[in-house]
Amino acid sequence: MNRIQKFFTKIKGLLVHRFFQVLLFLILGLFAYGLMFSNVKPEKVQVELFKPAEQTIRSTKTVEDTYKTEQEKEEISKQVADVYTLKKEYAKNKVDLISSIFDSAIEVNKETDPERDKKEEGKEDKKEPIKTDAQKVSILKEKLTDEVNKNIEDSVFLALVQADEDELEIAKDSTITAVNNVMSSRIAASDVENAKKKVVEELGYMSINSDMKKASNSLARTAIIQNVFFDKDKTEEQRRKAIESVEPIRILQGQIIVEENQLVDRDVYRQLELAGFLSTESTIYPYIGLLLFILLTFGAFYYFFSFSISKRDNKYNQLLIFSLVFILSMATMKTVSVLADLKNSNLEYIFPGAMAAMLIKILLNDKLAVAMIILLGSYGTIIFNGDTPGNLDFSMGLYIIFGGLAAIIILSRPNFKSKVLIAGLLMSLINMAFVFSLIFIMDGHYTKMEYLYYAAAAIGSGVGSAVLTMGLLPFFEAGFGILSSMKLIELSNPNHPLLRKILIEAPGTYHHSVMVANLAESACEAIGSNGLLARVGSYYHDIGKTKRPHFFIENQMNEENPHDRLQPETSRDIIIAHAVDGGEMLRSHKFPKEIVDIAEQHHGTTLLKFFYHKAKKQDDTTVEACYRYPGPRAKMKEVAVIGIADSVEAAVRSMQHPTPEKIEELVSFIIQDRIQDGQFDECDITMRELSIVKHSLCESLNGIFHSRIEYPEPDKLGQKVKE
C-alpha cells in the first residue's frame with residue numbers, strides 16, 4: 001500500500017466518527033463560501049453628478065423605475081380622447097314634437113272648417129263658427145305647451161292654420177323625415193348650425209306654397225339640437241384602462257445603467273440611486289443568503305451520505321472522492337472566472353465542467369455524478385456572475401449542468417468508459433451546439449471571430465474535461481484502491497502478462513476461463529451486478545492452475561491423468577492449492593482486491609466430492625472438512641455467480657449429449673447444492689436473483705451446446721461423391 005493509500009485510509013478511519021463527518025462538510029462549506037465571497041460582496045461605486053463614470057455599472061437587482069412609470073402613465077392618459085355619447089332618444093323626441101304640432105294644426109283646421117258648420121245646421125246646441133286666423137292661432141297655441149309656443153314664431157302658427165289639410169300632411173311628412181335623418185347623425189355643439197342648414201336643404205324640394213315651406217323650415221330648424229354630449233364617466237374609465245395597461249418600467253438585473261466614461265446625468269443618477277449604488281449603508285444580506293444556500297446544499301448531501309449509503313467502507317470512499325472532486329472543480333471554476341474577468345472576455349465557456357461528472361460517473365455511480373453536476377451548476381451561476389453582486393449567470397449554470405448530464409449519458413453507453421477521449425470529442429460538439437443555442441436565443445449580434453471564439457471555447461471544454469479525467473483517474477484509483485471500469489478493461493487485454501501465461505501454460509484453463517467469463521457476465525448483468533467485473537474476474541479466477549497445469553483435466557490433452565497414481569490427500573492438496581496460489585499470484589502482481597477475492601472465493605468452502613469419496617473408500621474415518629476448500633465463502637454477488645458458472649461450465653462440458661432439459665436440470669442441481677451447503681450465507685444474493693442467474697446460464701449454455709447436423713462419416717461421404 002503506497003503513501004497516498006495510507007493517508008486516505010487514516011482519513012477514512014477518522015470519518016467513522018460523526019464529528020469528523022460533520023467537520024468535513026463544514027470545511028467544504030467554508031471552502032465554497034470563501035470562493036464565492038467576492039461574488040456576493042456589495043460593490044462600492046464612486047460616481048458624481050454631471051461627471052463621467054469611472055466604470056461600467058450594472059444593476060444588481062430588478063427594481064421599478066417609479067418616476068418613468070408615472071411619466072409613461074401621464075403620457076398615455078393624455079393620449080386618450082374624450083368620450084362623447086350620442087343621445088338617440090333626442091331624435092325621437094323631436095320627431096314626436098313636430099308630428100304633434102302638425103296634428104294639432106290639422107285638428108284646429110277641422111274644428112273651424114265652414115263646410116262642417118253647414119252640415120251641422122239644424123242641430124241643437126250649434127256652436128258659433130270661428131272664422132278669423134287670429135282665433136285659429138289662439139286655439140292652436142292652447143293645444144301646445146307654453147315652452148313650445150315660446151320657441152315658435154307666430155308666423156309659423158299663422159301659416160299652419162291657413163294651410164289646408166293636404167298641405168299640412170305633405171309638410172308634416174317631409175319635415176319629420178328631414179329632422180329624423182339629420183338628428184340620426186352625431187351633432188356636436190359646434191355642428192348644430194351646419195345641421196340646421198342641412199335640414200333646410202332637405203326640405204327645399206317640397207312642392208307646397210312658400211309660407212308653408214317657410215313654416216316647415218322654421219319648425220325643422222327649431223327641432224335640430226345638439227345630440228352628442230361629453231361623457232365624463234366613460235372618459236375616466238377609458239383613461240383608467242389605458243393607465244392600467246402601462247407595464248411598470250423596470251431596471252432589470254444585469255442591465256447596464258451607465259457605461260464607462262459616460263456622463264452621469266440626473267436620469268442616470270436617479271437610476272443608480274434606485275438600484276442602491278448610492279446608499280452609504282452596508283448590508284449583510286448577501287452574505288447571509290450565500291450562507292443559507294451553502295447550508296441547504298451541503299445539508300442535503302450530509303443527509304444523503306449519512307442515511308442513503310449503507311456500506312461503511314464504500315460510504316467513506318465515496319465521501320472522500322466526492323469531496324476531492326468538488327474541491328478540484330470549484331478551484332478550477334474560480335480560476336477560470338478570475339481569468340475571464342481579467343481579460344474581459346467570455347473565457348468561462350472553456351471551463352471543463354464535465355470533468356467532475358465523468359470522474360464521479362467512472363469512480364462512483366450515476367446518482368452521485370448527477371448530484372455533483374447540479375451542485376457545480378448552481379455554484380457556477382454565482383462564481384461566473386462577473387463579480388457583479390446580486391447577478392446570477394443562469395446561462396453558465398445551464399451550460400455546466402447540460403454538459404455534465406450529456407457526459408454521464410455518453411459514458412453510460414457500452415464501451416464508452418474505455419474511450420473517454422472520444423466521449424470528450426462528442427462533448428465538444430454538444431457544448432458547441434448548446435452555446436450557439438444560447439447565443440441565438442438571446443439574439444446576440446456577434447462577429448465571425450466571436451463565433452469562432454465561442455466554438456473554440458466549447459471544444460476546449462469538452463476535450464479538456466476528457467484529458468483531465470484521463471489524467472486524474474490513475475491518482476484516484478491508486479489513492480483509494482478503486483477498481484474502475486477503465487482498470488477492468490485494461491486488465492481484460494489479452495496481451496496482459498498473466499493472461500498470456502494462462503494461454504501458453506494452461507490453454508485448456510484459458511478456454512475454460514473465457515467460457516466462464518461469457519456465462520458470468522450475462523448472468524451478472526441480468527441481476528444488475530457488475531458484468532464487467534465478473535468477466536475480468538473470470539479470466540483470472542483459475543490463475544493458480546498455472547503452477548501445476550497438467551494436474552487439471554482441461555489441460556491434459558488426452559494424456560494420462562496423474563491423479564490416478566496419487567493418493568487422495570495429495571490430489572486434494574494440489575486441487576485446493578490453486579485457489580490459494582491464485583490469490584497470492586494476483587497479490588504479487590498488485591491486482592485489485594476484488595479480483596483477488598474472486599480467485600480465492602469462487603469455490604468458497606465447497607467439497608471435493610470425487611477425492612473425498614475416493615478417500616472414504618480407502619478409510620472410513622476420513623473427515624469431510626479435510627476435503628473442503630479453505631474459503632472464504634463468496635462475499636459479493638459477482639463471486640457467487642462466477643462460482644456457479646465455473647461449476648456449470650465444467651459439468652456441462654463433460655456431458656455426452658447435452659439437451660436443454662438436461663442443462664436446466666444440471667444448473668438447478670448445482671445452485672440448490674450450493675444453497676444447501678451454505679455457500680451464499682455471507683453474500684446478499686437473493687433467491688429471486690438466483691432464479692434469474694439460472695435462467696441466464698441456461699440460455700447461454702443452450703446457445704453454446706446447441707444441436708448440430710450429423711454429417712456422414714468420411715468414407716461414406718467419399719462413396720456418395722463417387723456415386
# chains A, B, ... in the order shown; residues from 1 in each chain; ligands from 1
$ residues_around --residues "Ala81 (chain A)" --least-positions-apart "4" --cutoff "12 Å" --atoms "only C-alpha atoms" --output "number ranges by chain"
A: 76-77, 230-232, 234-239, 242
$ residues_around --residues "Ser522 (chain A)" --least-positions-apart "5" --cutoff "10 Å" --atoms "only C-alpha atoms" --output "mmCIF file with all heavy atoms, in the first residue's frame"
data_model
loop_
_atom_site.group_PDB
_atom_site.id
_atom_site.type_symbol
_atom_site.label_atom_id
_atom_site.label_comp_id
_atom_site.auth_asym_id
_atom_site.auth_seq_id
_atom_site.Cartn_x
_atom_site.Cartn_y
_atom_site.Cartn_z
ATOM 1 N N ALA A 517 -16.322 -16.645 -18.232
ATOM 2 C CA ALA A 517 -16.490 -15.186 -18.319
ATOM 3 C C ALA A 517 -17.753 -14.824 -19.086
ATOM 4 O O ALA A 517 -18.521 -13.937 -18.684
ATOM 5 C CB ALA A 517 -15.268 -14.560 -18.986
ATOM 6 N N ILE A 527 -28.964 -9.589 -13.301
ATOM 7 C CA ILE A 527 -29.417 -9.262 -11.934
ATOM 8 C C ILE A 527 -28.968 -7.868 -11.508
ATOM 9 O O ILE A 527 -29.127 -7.479 -10.360
ATOM 10 C CB ILE A 527 -28.936 -10.308 -10.913
ATOM 11 C CG1 ILE A 527 -27.401 -10.347 -10.850
ATOM 12 C CG2 ILE A 527 -29.500 -11.684 -11.220
ATOM 13 C CD1 ILE A 527 -26.855 -11.241 -9.745
ATOM 14 N N GLY A 528 -28.379 -7.099 -12.445
ATOM 15 C CA GLY A 528 -27.982 -5.726 -12.142
ATOM 16 C C GLY A 528 -26.644 -5.593 -11.459
ATOM 17 O O GLY A 528 -26.327 -4.527 -10.913
ATOM 18 N N SER A 529 -25.824 -6.638 -11.453
ATOM 19 C CA SER A 529 -24.485 -6.556 -10.865
ATOM 20 C C SER A 529 -23.473 -6.130 -11.929
ATOM 21 O O SER A 529 -23.819 -5.928 -13.095
ATOM 22 C CB SER A 529 -24.094 -7.903 -10.259
ATOM 23 O OG SER A 529 -24.915 -8.204 -9.147
ATOM 24 N N ASN A 530 -22.215 -6.053 -11.501
ATOM 25 C CA ASN A 530 -21.150 -5.566 -12.379
ATOM 26 C C ASN A 530 -20.706 -6.677 -13.325
ATOM 27 O O ASN A 530 -19.888 -7.534 -12.977
ATOM 28 C CB ASN A 530 -19.971 -5.074 -11.535
ATOM 29 C CG ASN A 530 -18.966 -4.291 -12.353
ATOM 30 O OD1 ASN A 530 -18.873 -4.438 -13.576
ATOM 31 N ND2 ASN A 530 -18.212 -3.439 -11.679
ATOM 32 N N GLY A 531 -21.233 -6.673 -14.527
ATOM 33 C CA GLY A 531 -20.907 -7.699 -15.503
ATOM 34 C C GLY A 531 -19.457 -7.645 -15.944
ATOM 35 O O GLY A 531 -18.825 -8.686 -16.174
ATOM 36 N N LEU A 532 -18.899 -6.422 -16.045
ATOM 37 C CA LEU A 532 -17.508 -6.286 -16.462
ATOM 38 C C LEU A 532 -16.569 -6.875 -15.418
ATOM 39 O O LEU A 532 -15.585 -7.550 -15.751
ATOM 40 C CB LEU A 532 -17.183 -4.811 -16.707
ATOM 41 C CG LEU A 532 -15.778 -4.504 -17.229
ATOM 42 C CD1 LEU A 532 -15.502 -5.228 -18.542
ATOM 43 C CD2 LEU A 532 -15.599 -2.997 -17.395
ATOM 44 N N ALA A 534 -17.309 -9.278 -13.379
ATOM 45 C CA ALA A 534 -17.471 -10.728 -13.456
ATOM 46 C C ALA A 534 -16.656 -11.304 -14.610
ATOM 47 O O ALA A 534 -16.010 -12.350 -14.477
ATOM 48 C CB ALA A 534 -18.943 -11.082 -13.620
ATOM 49 N N ARG A 535 -16.649 -10.623 -15.746
ATOM 50 C CA ARG A 535 -15.891 -11.109 -16.907
ATOM 51 C C ARG A 535 -14.396 -11.119 -16.617
ATOM 52 O O ARG A 535 -13.704 -12.132 -16.818
ATOM 53 C CB ARG A 535 -16.188 -10.241 -18.123
ATOM 54 C CG ARG A 535 -15.267 -10.498 -19.314
ATOM 55 C CD ARG A 535 -15.713 -9.769 -20.552
ATOM 56 N NE ARG A 535 -16.869 -10.433 -21.148
ATOM 57 C CZ ARG A 535 -16.814 -11.502 -21.927
ATOM 58 N NH1 ARG A 535 -15.634 -12.059 -22.199
ATOM 59 N NH2 ARG A 535 -17.903 -12.027 -22.434
ATOM 60 N N VAL A 693 -30.303 -15.875 -12.440
ATOM 61 C CA VAL A 693 -28.994 -16.411 -12.831
ATOM 62 C C VAL A 693 -29.161 -17.757 -13.525
ATOM 63 O O VAL A 693 -28.545 -18.033 -14.564
ATOM 64 C CB VAL A 693 -28.079 -16.542 -11.594
ATOM 65 C CG1 VAL A 693 -26.832 -17.364 -11.934
ATOM 66 C CG2 VAL A 693 -27.682 -15.164 -11.084
ATOM 67 N N SER A 696 -30.480 -17.225 -17.028
ATOM 68 C CA SER A 696 -29.459 -16.661 -17.906
ATOM 69 C C SER A 696 -28.428 -17.718 -18.303
ATOM 70 O O SER A 696 -28.035 -17.811 -19.476
ATOM 71 C CB SER A 696 -28.766 -15.487 -17.202
ATOM 72 O OG SER A 696 -27.699 -15.003 -17.979
ATOM 73 N N LEU A 697 -27.982 -18.529 -17.333
ATOM 74 C CA LEU A 697 -26.998 -19.570 -17.625
ATOM 75 C C LEU A 697 -27.549 -20.600 -18.611
ATOM 76 O O LEU A 697 -26.846 -21.033 -19.530
ATOM 77 C CB LEU A 697 -26.560 -20.258 -16.327
ATOM 78 C CG LEU A 697 -25.719 -19.404 -15.362
ATOM 79 C CD1 LEU A 697 -25.475 -20.170 -14.064
ATOM 80 C CD2 LEU A 697 -24.398 -19.010 -15.999
ATOM 81 N N GLU A 699 -29.868 -20.157 -20.883
ATOM 82 C CA GLU A 699 -29.943 -19.546 -22.217
ATOM 83 C C GLU A 699 -28.575 -19.536 -22.888
ATOM 84 O O GLU A 699 -28.435 -19.877 -24.069
ATOM 85 C CB GLU A 699 -30.474 -18.110 -22.110
ATOM 86 C CG GLU A 699 -31.984 -18.013 -22.005
ATOM 87 C CD GLU A 699 -32.460 -16.574 -22.174
ATOM 88 O OE1 GLU A 699 -31.622 -15.655 -22.078
ATOM 89 O OE2 GLU A 699 -33.659 -16.382 -22.400
ATOM 90 N N SER A 700 -27.554 -19.123 -22.129
ATOM 91 C CA SER A 700 -26.206 -19.049 -22.695
ATOM 92 C C SER A 700 -25.692 -20.435 -23.066
ATOM 93 O O SER A 700 -25.105 -20.627 -24.138
ATOM 94 C CB SER A 700 -25.255 -18.390 -21.689
ATOM 95 O OG SER A 700 -25.675 -17.078 -21.386
#
$ residues_around --residues "region 502-511 of chain A" --least-positions-apart "3" --cutoff "7 Å" --atoms "only C-alpha atoms" --output "MDAnalysis selection string"
chainID A and resid 498:499 514:515 543 546 549 554:555
$ atom_distance --atom1 "CA of Gly403 (chain A)" --atom2 "CA of Glu450 (chain A)"
21.0 Å
$ residues_around --residues "region 67-71 of chain A" --least-positions-apart "6" --cutoff "10 Å" --atoms "only C-alpha atoms" --output "list in words"
Ser77, Ile243, Val246, Glu247, Pro248, Ile249, Arg250, Asp267, Arg270 and Gln271 of chain A
$ write_last_selection --atoms "all heavy atoms" --output "CSV table (one decimal), in the first residue's frame"
chain,number,residue,atom,x,y,z
A,77,SER,N,-52.3,58.8,-20.6
A,77,SER,CA,-53.6,59.4,-20.2
A,77,SER,C,-54.0,60.5,-21.1
A,77,SER,O,-55.1,60.7,-21.4
A,77,SER,CB,-53.5,59.8,-18.7
A,77,SER,OG,-54.7,60.4,-18.3
A,243,ILE,N,-54.2,53.6,-18.4
A,243,ILE,CA,-53.1,53.7,-17.3
A,243,ILE,C,-52.8,52.3,-16.8
A,243,ILE,O,-51.6,51.9,-16.6
A,243,ILE,CB,-53.6,54.6,-16.2
A,243,ILE,CG1,-53.6,56.0,-16.7
A,243,ILE,CG2,-52.7,54.5,-15.0
A,243,ILE,CD1,-54.2,57.0,-15.7
A,246,VAL,N,-50.4,50.1,-18.8
A,246,VAL,CA,-49.0,50.5,-18.8
A,246,VAL,C,-48.2,49.6,-17.9
A,246,VAL,O,-48.5,49.4,-16.8
A,246,VAL,CB,-48.8,52.0,-18.3
A,246,VAL,CG1,-47.3,52.3,-18.2
A,246,VAL,CG2,-49.5,52.9,-19.3
A,247,GLU,N,-47.2,48.9,-18.5
A,247,GLU,CA,-46.3,48.0,-17.8
A,247,GLU,C,-45.3,48.8,-17.0
A,247,GLU,O,-44.8,49.8,-17.5
A,247,GLU,CB,-45.5,47.0,-18.7
A,247,GLU,CG,-46.4,46.0,-19.4
A,247,GLU,CD,-46.9,44.9,-18.4
A,247,GLU,OE1,-46.3,44.7,-17.4
A,247,GLU,OE2,-48.0,44.4,-18.7
A,248,PRO,N,-45.1,48.4,-15.7
A,248,PRO,CA,-44.1,49.2,-14.9
A,248,PRO,C,-42.7,49.2,-15.6
A,248,PRO,O,-42.3,48.1,-16.1
A,248,PRO,CB,-44.1,48.4,-13.6
A,248,PRO,CG,-45.4,47.7,-13.5
A,248,PRO,CD,-45.7,47.4,-14.9
A,249,ILE,N,-42.1,50.3,-15.7
A,249,ILE,CA,-40.8,50.4,-16.3
A,249,ILE,C,-39.8,50.0,-15.2
A,249,ILE,O,-39.7,50.6,-14.1
A,249,ILE,CB,-40.5,51.8,-16.8
A,249,ILE,CG1,-41.5,52.1,-17.9
A,249,ILE,CG2,-39.1,51.9,-17.3
A,249,ILE,CD1,-41.4,53.6,-18.4
A,250,ARG,N,-39.0,48.9,-15.5
A,250,ARG,CA,-38.0,48.4,-14.5
A,250,ARG,C,-36.6,48.5,-15.0
A,250,ARG,O,-36.3,48.5,-16.2
A,250,ARG,CB,-38.4,46.9,-14.3
A,250,ARG,CG,-39.7,46.7,-13.6
A,250,ARG,CD,-39.9,45.2,-13.4
A,250,ARG,NE,-41.1,44.9,-12.6
A,250,ARG,CZ,-42.3,44.6,-13.2
A,250,ARG,NH1,-42.4,44.6,-14.5
A,250,ARG,NH2,-43.4,44.4,-12.5
A,267,ASP,N,-30.9,61.7,-14.8
A,267,ASP,CA,-31.6,60.4,-15.0
A,267,ASP,C,-30.8,59.2,-14.6
A,267,ASP,O,-31.3,58.3,-13.9
A,267,ASP,CB,-32.1,60.3,-16.5
A,267,ASP,CG,-33.0,59.2,-16.7
A,267,ASP,OD1,-34.1,59.1,-16.0
A,267,ASP,OD2,-32.8,58.3,-17.6
A,270,ARG,N,-30.4,59.2,-10.9
A,270,ARG,CA,-31.6,58.7,-10.2
A,270,ARG,C,-31.7,57.1,-10.3
A,270,ARG,O,-32.1,56.5,-9.3
A,270,ARG,CB,-32.9,59.3,-10.8
A,270,ARG,CG,-34.2,58.8,-10.3
A,270,ARG,CD,-35.3,59.5,-11.0
A,270,ARG,NE,-35.2,59.3,-12.5
A,270,ARG,CZ,-35.5,58.2,-13.1
A,270,ARG,NH1,-35.9,57.1,-12.4
A,270,ARG,NH2,-35.3,58.1,-14.4
A,271,GLN,N,-31.4,56.5,-11.4
A,271,GLN,CA,-31.4,55.1,-11.6
A,271,GLN,C,-30.4,54.4,-10.7
A,271,GLN,O,-30.6,53.4,-10.1
A,271,GLN,CB,-31.1,54.7,-13.0
A,271,GLN,CG,-32.2,55.1,-14.0
A,271,GLN,CD,-32.0,54.7,-15.4
A,271,GLN,OE1,-31.1,53.8,-15.7
A,271,GLN,NE2,-32.7,55.2,-16.4
$ atom_distance --atom1 "CA of Val228 (chain A)" --atom2 "CA of Ala189 (chain A)"
7.7 Å
